[in-house]
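Colleague: This is start25.cif, which holds mmCIF, C-alpha atoms:
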data_data
#
loop_
_atom_site.label_atom_id
_atom_site.label_comp_id
_atom_site.auth_asym_id
_atom_site.auth_seq_id
_atom_site.Cartn_x
_atom_site.Cartn_y
_atom_site.Cartn_z
CA MET A 1 91.31 114.27 127.94
CA ASN A 2 88.64 111.56 127.85
CA ILE A 3 89.11 109.31 124.80
CA THR A 4 87.09 106.31 123.72
CA ILE A 5 87.30 104.29 120.51
CA LEU A 6 84.15 103.21 118.70
CA ARG A 7 84.91 100.24 116.48
CA ILE A 8 82.20 99.69 113.89
CA GLY A 9 81.65 97.11 111.16
CA HIS A 10 83.39 94.38 113.15
CA ARG A 11 82.79 90.86 111.85
CA GLN A 12 83.71 88.17 114.33
CA GLU A 13 85.79 85.77 112.24
CA ARG A 14 87.35 88.18 109.84
CA ASP A 15 88.17 91.11 112.12
CA ALA A 16 89.06 89.54 115.47
CA ARG A 17 92.78 90.21 115.27
CA VAL A 18 92.52 93.67 113.73
CA THR A 19 89.94 94.77 116.32
CA THR A 20 92.11 93.37 119.12
CA HIS A 21 95.06 95.36 117.76
CA ILE A 22 92.87 98.47 117.73
CA GLY A 23 91.94 98.01 121.38
CA LEU A 24 95.52 97.33 122.45
CA THR A 25 96.85 100.29 120.48
CA ALA A 26 94.25 102.57 122.06
CA ARG A 27 95.21 101.30 125.52
CA ALA A 28 98.97 101.64 124.89
CA LEU A 29 98.55 105.23 123.72
CA GLY A 30 96.52 106.35 126.71
CA ALA A 31 92.88 106.07 125.58
CA ASP A 32 90.33 105.11 128.23
CA SER A 33 88.05 102.59 126.58
CA MET A 34 86.70 100.92 123.45
CA HIS A 35 83.07 100.52 122.41
CA LEU A 36 82.59 97.58 120.08
CA ALA A 37 79.64 97.71 117.69
CA GLY A 38 78.61 94.13 117.25
CA SER A 39 79.58 91.55 119.80
CA ASP A 40 82.79 89.63 120.25
CA LYS A 41 83.49 88.16 123.65
CA GLN A 42 86.86 86.83 122.59
CA VAL A 43 88.16 90.23 121.53
CA LYS A 44 86.94 91.73 124.80
CA GLU A 45 88.61 88.94 126.77
CA SER A 46 91.90 89.21 124.87
CA ILE A 47 92.18 92.92 125.61
CA GLU A 48 91.08 92.54 129.23
CA LYS A 49 93.66 89.79 129.72
CA VAL A 50 96.38 92.26 128.65
CA THR A 51 95.01 94.90 131.02
CA LYS A 52 94.92 92.42 133.91
CA CYS A 53 98.55 91.51 133.30
CA TRP A 54 100.04 94.88 132.33
CA GLY A 55 97.84 97.21 134.39
CA GLY A 56 95.64 100.25 133.94
CA ASN A 57 91.88 100.58 133.62
CA PHE A 58 91.18 100.26 129.90
CA ALA A 59 87.55 99.14 129.50
CA VAL A 60 85.92 97.27 126.59
CA HIS A 61 82.17 97.66 126.09
CA ASN A 62 80.73 94.93 123.94
CA ASN A 63 77.56 94.75 121.84
CA ILE A 64 77.12 98.49 121.24
CA ASP A 65 74.61 100.15 118.90
CA TRP A 66 76.91 102.55 117.06
CA LYS A 67 74.34 105.23 116.29
CA LYS A 68 72.95 105.34 119.81
CA ALA A 69 76.50 105.49 121.21
CA ILE A 70 77.34 108.47 118.97
CA ILE A 71 74.12 110.31 119.81
CA GLN A 72 74.69 109.78 123.54
CA TRP A 73 78.30 110.97 123.26
CA LYS A 74 77.27 114.14 121.43
CA LYS A 75 74.43 114.77 123.91
CA HIS A 76 77.01 114.85 126.70
CA GLY A 77 79.15 117.39 124.86
CA GLY A 78 81.57 114.91 123.30
CA LYS A 79 83.13 115.23 119.84
CA ILE A 80 82.97 112.55 117.15
CA ILE A 81 86.20 112.01 115.21
CA HIS A 82 85.86 109.63 112.29
CA LEU A 83 89.12 108.31 110.86
CA THR A 84 88.77 107.95 107.08
CA MET A 85 91.12 108.34 104.12
CA TYR A 86 88.55 110.70 102.54
CA GLY A 87 88.64 113.32 105.31
CA ILE A 88 90.55 116.50 106.04
CA SER A 89 94.24 116.32 106.95
CA ILE A 90 95.28 115.28 110.43
CA GLN A 91 97.12 118.59 110.91
CA GLU A 92 93.95 120.56 110.12
CA ALA A 93 91.87 118.32 112.40
CA LEU A 94 94.25 118.55 115.35
CA SER A 95 94.07 122.35 115.23
CA GLN A 96 90.32 122.00 115.90
CA ILE A 97 90.69 119.70 118.92
CA HIS A 98 91.12 121.18 122.39
CA THR A 99 92.64 119.77 125.57
CA ASP A 100 89.32 119.62 127.42
CA ASP A 101 87.49 117.81 124.59
CA LYS A 102 85.87 114.42 125.09
CA LEU A 103 86.68 112.39 121.99
CA MET A 104 84.94 109.38 120.51
CA ILE A 105 87.23 108.15 117.72
CA VAL A 106 85.31 106.06 115.21
CA VAL A 107 87.33 103.37 113.45
CA GLY A 108 85.52 101.47 110.73
CA ALA A 109 86.20 98.17 109.02
CA GLU A 110 86.13 98.19 105.21
CA LYS A 111 82.91 100.04 104.41
CA VAL A 112 81.14 102.39 106.81
CA PRO A 113 77.57 103.78 106.63
CA SER A 114 77.53 107.03 104.60
CA GLU A 115 75.54 108.62 107.44
CA LEU A 116 78.67 108.52 109.58
CA TYR A 117 80.38 111.12 107.39
CA GLN A 118 77.58 113.57 108.21
CA ILE A 119 77.16 112.79 111.91
CA ALA A 120 80.92 113.07 112.63
CA ASP A 121 82.23 116.44 113.83
CA LEU A 122 85.50 115.76 112.05
CA ASN A 123 86.27 113.27 109.29
CA VAL A 124 90.03 112.92 109.57
CA ALA A 125 92.43 111.44 107.03
CA VAL A 126 95.69 110.06 108.36
CA GLY A 127 96.93 110.34 104.82
CA ASN A 128 94.82 109.91 101.68
CA GLN A 129 96.28 106.56 100.70
CA PRO A 130 94.67 103.24 101.68
CA HIS A 131 96.54 101.58 104.53
CA SER A 132 95.35 100.37 107.94
CA GLU A 133 92.86 101.56 110.52
CA ILE A 134 95.30 100.41 113.21
CA ALA A 135 98.07 102.57 111.75
CA ALA A 136 95.68 105.52 111.38
CA LEU A 137 94.58 105.28 115.01
CA ALA A 138 98.16 104.91 116.23
CA ILE A 139 99.40 108.00 114.39
CA PHE A 140 96.33 110.03 115.32
CA LEU A 141 96.70 109.28 119.05
CA ASP A 142 100.48 109.77 118.99
CA ARG A 143 100.18 113.18 117.32
CA LEU A 144 97.30 114.15 119.62
CA ASN A 145 99.50 113.31 122.62
CA ILE A 146 102.46 115.23 121.17
CA LYS A 147 100.24 118.25 120.52
CA GLN A 148 99.30 118.26 124.21
CA GLY A 149 102.92 117.90 125.30
CA ILE A 150 102.34 114.30 126.43
CA ASP A 151 104.84 111.52 125.72
CA SER A 152 102.66 108.68 124.39
CA PHE A 153 104.81 106.11 126.13
CA THR A 154 105.28 107.36 129.68
CA HIS A 155 101.65 106.68 130.57
CA GLU A 156 101.33 104.82 133.91
CA TYR A 157 99.47 101.48 134.16
CA PRO A 158 98.72 100.97 137.88
CA GLY A 159 98.20 97.41 139.11
CA GLY A 160 100.26 95.78 136.35
CA LYS A 161 101.91 92.48 137.21
CA ARG A 162 104.61 92.87 134.60
CA LYS A 163 106.89 95.68 133.60
CA ILE A 164 109.57 95.80 130.93
CA ILE A 165 113.03 97.17 131.62
CA PRO A 166 114.20 98.44 128.21
CA GLN A 167 117.28 96.65 126.84
CA ALA A 168 119.62 97.35 123.91
CA HIS A 169 119.81 93.60 123.10
CA GLY A 170 117.54 91.11 124.84
CA LYS A 171 114.46 90.97 127.05
CA LYS A 172 114.03 91.96 130.68
CA VAL A 173 110.65 91.75 132.40
CA ILE A 174 109.91 92.29 136.10
CA LYS A 175 107.08 90.07 137.29
CA ASP A 176 105.19 90.93 140.44
CA GLU A 177 104.77 87.41 141.81
CA ILE A 178 102.92 88.55 144.94
CA ALA A 179 100.18 90.27 142.97
CA GLN A 180 99.90 87.35 140.58
CA ASP A 181 96.92 85.05 141.04
CA MET B 1 116.48 107.36 102.83
CA ASN B 2 116.12 103.78 101.61
CA ILE B 3 113.67 101.86 103.81
CA THR B 4 112.52 98.27 103.53
CA ILE B 5 110.36 96.24 105.90
CA LEU B 6 111.27 92.66 106.75
CA ARG B 7 108.19 90.81 107.97
CA ILE B 8 109.10 87.62 109.79
CA GLY B 9 107.07 84.84 111.42
CA HIS B 10 104.23 85.25 108.94
CA ARG B 11 101.75 82.35 108.91
CA GLN B 12 99.53 82.31 105.85
CA GLU B 13 96.06 81.84 107.37
CA ARG B 14 96.49 83.63 110.64
CA ASP B 15 98.56 86.65 109.57
CA ALA B 16 97.32 87.50 106.07
CA ARG B 17 95.43 90.64 107.06
CA VAL B 18 97.96 91.91 109.60
CA THR B 19 100.84 91.43 107.14
CA THR B 20 98.84 93.17 104.40
CA HIS B 21 98.24 96.11 106.78
CA ILE B 22 101.99 96.21 107.47
CA GLY B 23 102.80 96.44 103.78
CA LEU B 24 100.16 99.10 103.10
CA THR B 25 101.25 101.13 106.12
CA ALA B 26 104.86 101.00 104.98
CA ARG B 27 103.84 102.12 101.48
CA ALA B 28 101.60 104.94 102.78
CA LEU B 29 104.39 106.30 104.97
CA GLY B 30 106.98 106.38 102.22
CA ALA B 31 108.91 103.11 102.62
CA ASP B 32 110.25 101.50 99.44
CA SER B 33 109.54 97.80 99.81
CA MET B 34 108.66 94.81 101.97
CA HIS B 35 110.50 91.52 102.26
CA LEU B 36 108.23 88.71 103.40
CA ALA B 37 109.85 85.78 105.20
CA GLY B 38 107.73 82.82 104.28
CA SER B 39 105.56 82.90 101.22
CA ASP B 40 102.12 84.38 100.69
CA LYS B 41 101.11 85.17 97.13
CA GLN B 42 97.79 86.61 98.22
CA VAL B 43 99.36 89.19 100.52
CA LYS B 44 101.79 90.17 97.77
CA GLU B 45 98.93 90.48 95.28
CA SER B 46 96.74 92.52 97.65
CA ILE B 47 99.47 95.08 98.21
CA GLU B 48 100.45 95.21 94.53
CA LYS B 49 96.80 95.75 93.58
CA VAL B 50 96.76 98.85 95.79
CA THR B 51 100.00 100.11 94.24
CA LYS B 52 98.64 99.55 90.73
CA CYS B 53 95.53 101.58 91.55
CA TRP B 54 96.98 104.31 93.80
CA GLY B 55 100.46 104.66 92.30
CA GLY B 56 104.08 104.59 93.36
CA ASN B 57 106.67 101.84 93.18
CA PHE B 58 106.31 99.92 96.44
CA ALA B 59 107.72 96.42 95.89
CA VAL B 60 106.88 93.18 97.74
CA HIS B 61 109.49 90.40 97.76
CA ASN B 62 108.02 87.06 98.64
CA ASN B 63 109.59 83.88 100.04
CA ILE B 64 112.60 85.49 101.73
CA ASP B 65 115.07 83.78 104.07
CA TRP B 66 115.14 86.31 106.92
CA LYS B 67 118.66 85.64 108.13
CA LYS B 68 120.19 85.80 104.66
CA ALA B 69 118.27 89.01 103.96
CA ILE B 70 119.63 90.62 107.14
CA ILE B 71 123.21 89.49 106.46
CA GLN B 72 123.01 90.83 102.89
CA TRP B 73 121.56 94.16 104.08
CA LYS B 74 124.34 94.60 106.66
CA LYS B 75 127.02 93.63 104.12
CA HIS B 76 125.85 96.52 101.94
CA GLY B 77 126.11 98.99 104.80
CA GLY B 78 122.45 98.89 105.85
CA LYS B 79 121.17 99.12 109.43
CA ILE B 80 118.82 96.61 111.03
CA ILE B 81 116.05 98.11 113.17
CA HIS B 82 114.01 95.53 115.08
CA LEU B 83 110.72 96.77 116.50
CA THR B 84 110.09 95.09 119.85
CA MET B 85 108.42 96.14 123.10
CA TYR B 86 111.59 95.02 124.95
CA GLY B 87 113.92 97.48 123.22
CA ILE B 88 115.23 100.98 123.87
CA SER B 89 112.89 103.94 123.53
CA ILE B 90 111.98 105.27 120.11
CA GLN B 91 113.39 108.70 121.02
CA GLU B 92 116.76 107.17 121.91
CA ALA B 93 116.75 105.06 118.74
CA LEU B 94 115.86 107.96 116.42
CA SER B 95 118.81 109.94 117.74
CA GLN B 96 121.07 107.13 116.43
CA ILE B 97 119.58 107.08 112.92
CA HIS B 98 120.96 109.38 110.23
CA THR B 99 119.42 110.75 107.03
CA ASP B 100 121.72 108.75 104.75
CA ASP B 101 121.06 105.43 106.51
CA LYS B 102 119.62 102.44 104.68
CA LEU B 103 117.11 100.87 107.06
CA MET B 104 115.70 97.36 107.18
CA ILE B 105 112.88 97.49 109.73
CA VAL B 106 112.13 94.02 111.10
CA VAL B 107 108.54 93.45 112.20
CA GLY B 108 107.83 90.12 113.84
CA ALA B 109 104.66 88.18 114.46
CA GLU B 110 104.11 86.90 118.00
CA LYS B 111 107.45 85.28 118.84
CA VAL B 112 110.71 86.08 117.10
CA PRO B 113 114.01 84.12 117.18
CA SER B 114 116.17 85.28 120.11
CA GLU B 115 119.08 85.60 117.68
CA LEU B 116 117.36 88.60 116.13
CA TYR B 117 117.87 90.68 119.28
CA GLN B 118 121.63 90.21 118.87
CA ILE B 119 121.90 90.66 115.11
CA ALA B 120 119.83 93.88 115.10
CA ASP B 121 121.71 97.18 115.28
CA LEU B 122 118.83 98.69 117.24
CA ASN B 123 116.03 96.95 119.12
CA VAL B 124 113.42 99.68 119.33
CA ALA B 125 110.37 99.83 121.60
CA VAL B 126 107.45 101.92 120.42
CA GLY B 127 106.30 101.88 124.01
CA ASN B 128 106.87 99.02 126.47
CA GLN B 129 103.24 97.88 126.53
CA PRO B 130 101.93 95.09 124.29
CA HIS B 131 99.95 96.49 121.35
CA SER B 132 100.32 95.99 117.62
CA GLU B 133 103.21 95.61 115.20
CA ILE B 134 101.21 97.68 112.70
CA ALA B 135 100.83 100.54 115.20
CA ALA B 136 104.51 100.29 116.13
CA LEU B 137 105.60 100.50 112.49
CA ALA B 138 103.23 103.40 111.79
CA ILE B 139 104.49 105.50 114.70
CA PHE B 140 108.12 104.64 114.01
CA LEU B 141 107.89 105.70 110.36
CA ASP B 142 105.85 108.81 111.16
CA ARG B 143 108.35 109.99 113.77
CA LEU B 144 111.27 109.12 111.49
CA ASN B 145 109.71 111.29 108.76
CA ILE B 146 109.03 114.13 111.21
CA LYS B 147 112.64 113.97 112.45
CA GLN B 148 113.81 114.47 108.85
CA GLY B 149 111.40 117.34 108.27
CA ILE B 150 109.24 115.22 105.96
CA ASP B 151 105.42 115.28 106.12
CA SER B 152 104.47 111.58 106.10
CA PHE B 153 101.42 112.31 103.98
CA THR B 154 102.62 114.53 101.14
CA HIS B 155 104.56 111.69 99.52
CA GLU B 156 103.88 111.47 95.75
CA TYR B 157 102.60 108.27 94.13
CA PRO B 158 103.27 108.60 90.38
CA GLY B 159 101.11 106.59 88.00
CA GLY B 160 98.14 106.31 90.37
CA LYS B 161 94.72 105.93 88.74
CA ARG B 162 92.89 107.35 91.73
CA LYS B 163 93.39 110.36 93.93
CA ILE B 164 91.35 111.57 96.88
CA ILE B 165 90.28 115.19 97.23
CA PRO B 166 89.97 115.69 101.02
CA GLN B 167 86.44 116.53 102.18
CA ALA B 168 85.03 117.74 105.50
CA HIS B 169 81.96 115.50 105.07
CA GLY B 170 81.80 112.90 102.31
CA LYS B 171 83.98 111.24 99.69
CA LYS B 172 85.57 112.65 96.57
CA VAL B 173 87.82 110.55 94.37
CA ILE B 174 89.27 111.50 90.98
CA LYS B 175 89.59 108.50 88.69
CA ASP B 176 91.94 108.60 85.74
CA GLU B 177 89.77 106.75 83.25
CA ILE B 178 92.29 107.00 80.42
CA ALA B 179 95.04 105.32 82.39
CA GLN B 180 92.66 102.66 83.64
CA ASP B 181 92.91 99.26 82.01
#
Do you think you could lay out the structure here as C-alpha cells?

Modeller:
Amino acid sequence: MNITILRIGHRQERDARVTTHIGLTARALGADSMHLAGSDKQVKESIEKVTKCWGGNFAVHNNIDWKKAIIQWKKHGGKIIHLTMYGISIQEALSQIHTDDKLMIVVGAEKVPSELYQIADLNVAVGNQPHSEIAALAIFLDRLNIKQGIDSFTHEYPGGKRKIIPQAHGKKVIKDEIAQD
Amino acid sequence: MNITILRIGHRQERDARVTTHIGLTARALGADSMHLAGSDKQVKESIEKVTKCWGGNFAVHNNIDWKKAIIQWKKHGGKIIHLTMYGISIQEALSQIHTDDKLMIVVGAEKVPSELYQIADLNVAVGNQPHSEIAALAIFLDRLNIKQGIDSFTHEYPGGKRKIIPQAHGKKVIKDEIAQD
C-alpha cells in the first residue's frame, strides 16, 4: 500500500514539534512520505536526519499547495482520507479501504478549510473527542496495518546506522561505525 | 482498570503543546488522570477546559515529584509502565498486564533519568524507531483497550456540554445550552 501524509495548516513557530512528530510517526508506522503544506526546512531536516541515521526511504516534500496535491492524488486514482473528530468511525472507514489503495492521509492543525470535508473521500474520526492529530494518525496507521495482517513494528529500514536491541531494563543500540560518515 | 499518566521531563515553553496532547490523548482513550512532573498551570488549564466542555472526570495533578509518585504508586500495588523505544515489544508487555492492574504509564520528554529503566516494572517499546511519545501512548492505550475487549472510542463522558454526531462530510455538534455557563 502506498501511503503519504498531507500536513496542512502548519505554522512554522507554533507547529514545528507537532509536525515533526507527525512525520516521524508516519515513518515509524510504515508510511512512505509526507507532503507539507507551507514550508518548514527545519522540520524537513529533522525528519531526514532521523531517516539518515535509522534507515529507510521516508521522503518529506516541502512547500506543497494542499489543494493541488489532493487533486493530483485523486487524478492518479488515489484516495483522500481526512482525519477529523467530526467524521465517521475508524471501524467504518477501514471497511471501505482496500489493500491496493493509494492513500493520502490529511492531517490538519487546529482549523481546516471547510472545502476539505467535501473533497475528502473519507472523513475519519479516531474517536469523537478532541485529542491530538499525532495520536489520531498513530492509531489510524496501526489499525490499518493490523487490518492488513501487518505488524506495525516489524517494518524494515534498510541503510540504518543504528538499531535497537530490545531490553527489559536498560538501553542497547548497535551502531554501524563503518557506514557512519 | 485504573490508569494514570506520569509525564516527566516537561519544560514549560518547549513542551506545552506536546504535554497537552498527551493529556488529551490519555483522556480520549479512557485513562483517569495525568501527573505532571514539573509545573505548568497552562497545560493543566487547557486540559481541564476540554474536560469541562466535553465531559468526564479526567484529572490533572500539577507539580509532582516523579520519584515519589512512582514509589507511592508501587506501594499501593500499582505497576509502572515506562514507554521507551529501548524496551520490550508492546505485544510482550501486554501479555504481562492484567485487567485488575493499576497502571502508571510514564511518558518522558527527550532524555529520561537512567534510574527509571530500573524502577519501572515494564519498559515498553511501541516500536524501536524514534517517533513520538504521543503516538506511543495512543497505540499503547488503544491496544490495551482492544486486549480487554473495550472499544477505545465508546467511552462515556458524563456532564459534557458538547457531543459530536459523526458525519460523512461536514460537522455536526450538539450543544447543551442549558448546562452551559

Colleague: Counting only C-alpha atoms, what are the residues of chain B within 7 Å of chain A, and for each of them which pair of atoms is the nearest and at what distance in Å, to one decimal? Sort the table by chain and rising number, as a tab-separated table.

Modeller:
residue	atom	partner	partner_atom	distance
B:His21	CA	A:Ser132	CA	5.3
B:Leu24	CA	A:His131	CA	4.6
B:Thr25	CA	A:His131	CA	5.0
B:Ala28	CA	A:Gln129	CA	5.9
B:Tyr86	CA	A:Lys171	CA	5.4
B:Gly87	CA	A:Gln167	CA	5.0
B:Ile88	CA	A:Pro166	CA	5.1
B:Tyr117	CA	A:His169	CA	5.2
B:Gln118	CA	A:His169	CA	5.7
B:Leu122	CA	A:Ala168	CA	6.8
B:Asn123	CA	A:Ala168	CA	6.0
B:Gly127	CA	A:Phe153	CA	5.0
B:Asn128	CA	A:Ile164	CA	6.1
B:Gln129	CA	A:Ala28	CA	5.9
B:His131	CA	A:Leu24	CA	4.6
B:Ser132	CA	A:His21	CA	5.3
B:Ile134	CA	A:Ala135	CA	5.9
B:Ala135	CA	A:Ala135	CA	4.9
B:Ala138	CA	A:Ala135	CA	5.2
B:Ile139	CA	A:Ile139	CA	5.7
B:Phe153	CA	A:Gly127	CA	5.0
B:Ile164	CA	A:Asn128	CA	6.2
B:Pro166	CA	A:Gly87	CA	5.1
B:Gln167	CA	A:Gly87	CA	5.0
B:Ala168	CA	A:Ile88	CA	5.7
B:His169	CA	A:Tyr117	CA	5.2
B:Gly170	CA	A:Tyr117	CA	5.6
B:Lys171	CA	A:Tyr86	CA	5.4
B:Lys172	CA	A:Tyr86	CA	7.0

Colleague: Generate a file of the selected residues that holds C-alpha atoms, formatted as a short mmCIF file (atom, residue, chain, number, x, y, z; two decimals), keeping the file's coordinate frame.

Modeller:
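Below is the file that was written, part29.cif:
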data_model
loop_
_atom_site.label_atom_id
_atom_site.label_comp_id
_atom_site.auth_asym_id
_atom_site.auth_seq_id
_atom_site.Cartn_x
_atom_site.Cartn_y
_atom_site.Cartn_z
CA HIS B 21 98.24 96.11 106.78
CA LEU B 24 100.16 99.10 103.10
CA THR B 25 101.25 101.13 106.12
CA ALA B 28 101.60 104.94 102.78
CA TYR B 86 111.59 95.02 124.95
CA GLY B 87 113.92 97.48 123.22
CA ILE B 88 115.23 100.98 123.87
CA TYR B 117 117.87 90.68 119.28
CA GLN B 118 121.63 90.21 118.87
CA LEU B 122 118.83 98.69 117.24
CA ASN B 123 116.03 96.95 119.12
CA GLY B 127 106.30 101.88 124.01
CA ASN B 128 106.87 99.02 126.47
CA GLN B 129 103.24 97.88 126.53
CA HIS B 131 99.95 96.49 121.35
CA SER B 132 100.32 95.99 117.62
CA ILE B 134 101.21 97.68 112.70
CA ALA B 135 100.83 100.54 115.20
CA ALA B 138 103.23 103.40 111.79
CA ILE B 139 104.49 105.50 114.70
CA PHE B 153 101.42 112.31 103.98
CA ILE B 164 91.35 111.57 96.88
CA PRO B 166 89.97 115.69 101.02
CA GLN B 167 86.44 116.53 102.18
CA ALA B 168 85.03 117.74 105.50
CA HIS B 169 81.96 115.50 105.07
CA GLY B 170 81.80 112.90 102.31
CA LYS B 171 83.98 111.24 99.69
CA LYS B 172 85.57 112.65 96.57
#

Colleague: Residue by residue, what does the PyMOL selection byres ((chain B and resi 7) around 9) grab here? Present the result as number ranges by chain.

Modeller: B: 5-6, 8-10, 19, 22-23, 34-38, 66, 105-109

Colleague: When you count only C-alpha atoms, which of these residues is closest to A:Trp73: A:Gln148, A:Gln42, A:Gln91, A:Thr4?

Modeller: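 Result for the nearest residue to A:Trp73: A:Thr4.
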
Colleague: Take atom CA of A:Gly30 and atom CA of A:Met1 and report the distance between them in Å, one decimal.

Modeller: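 That distance, rounded to one decimal, is 9.6 Å.
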
Colleague: Interatomic distance between atom CA of A:Lys161 and atom CA of A:Ile174?

Modeller: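 A separation of 8.1 Å between them.
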
Colleague: One decimal, in Å: what's the spacing between atom CA of A:Gly56 and atom CA of A:Gly159?

Modeller: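 Separating atom CA of A:Gly56 from atom CA of A:Gly159 is a distance of 6.4 Å.
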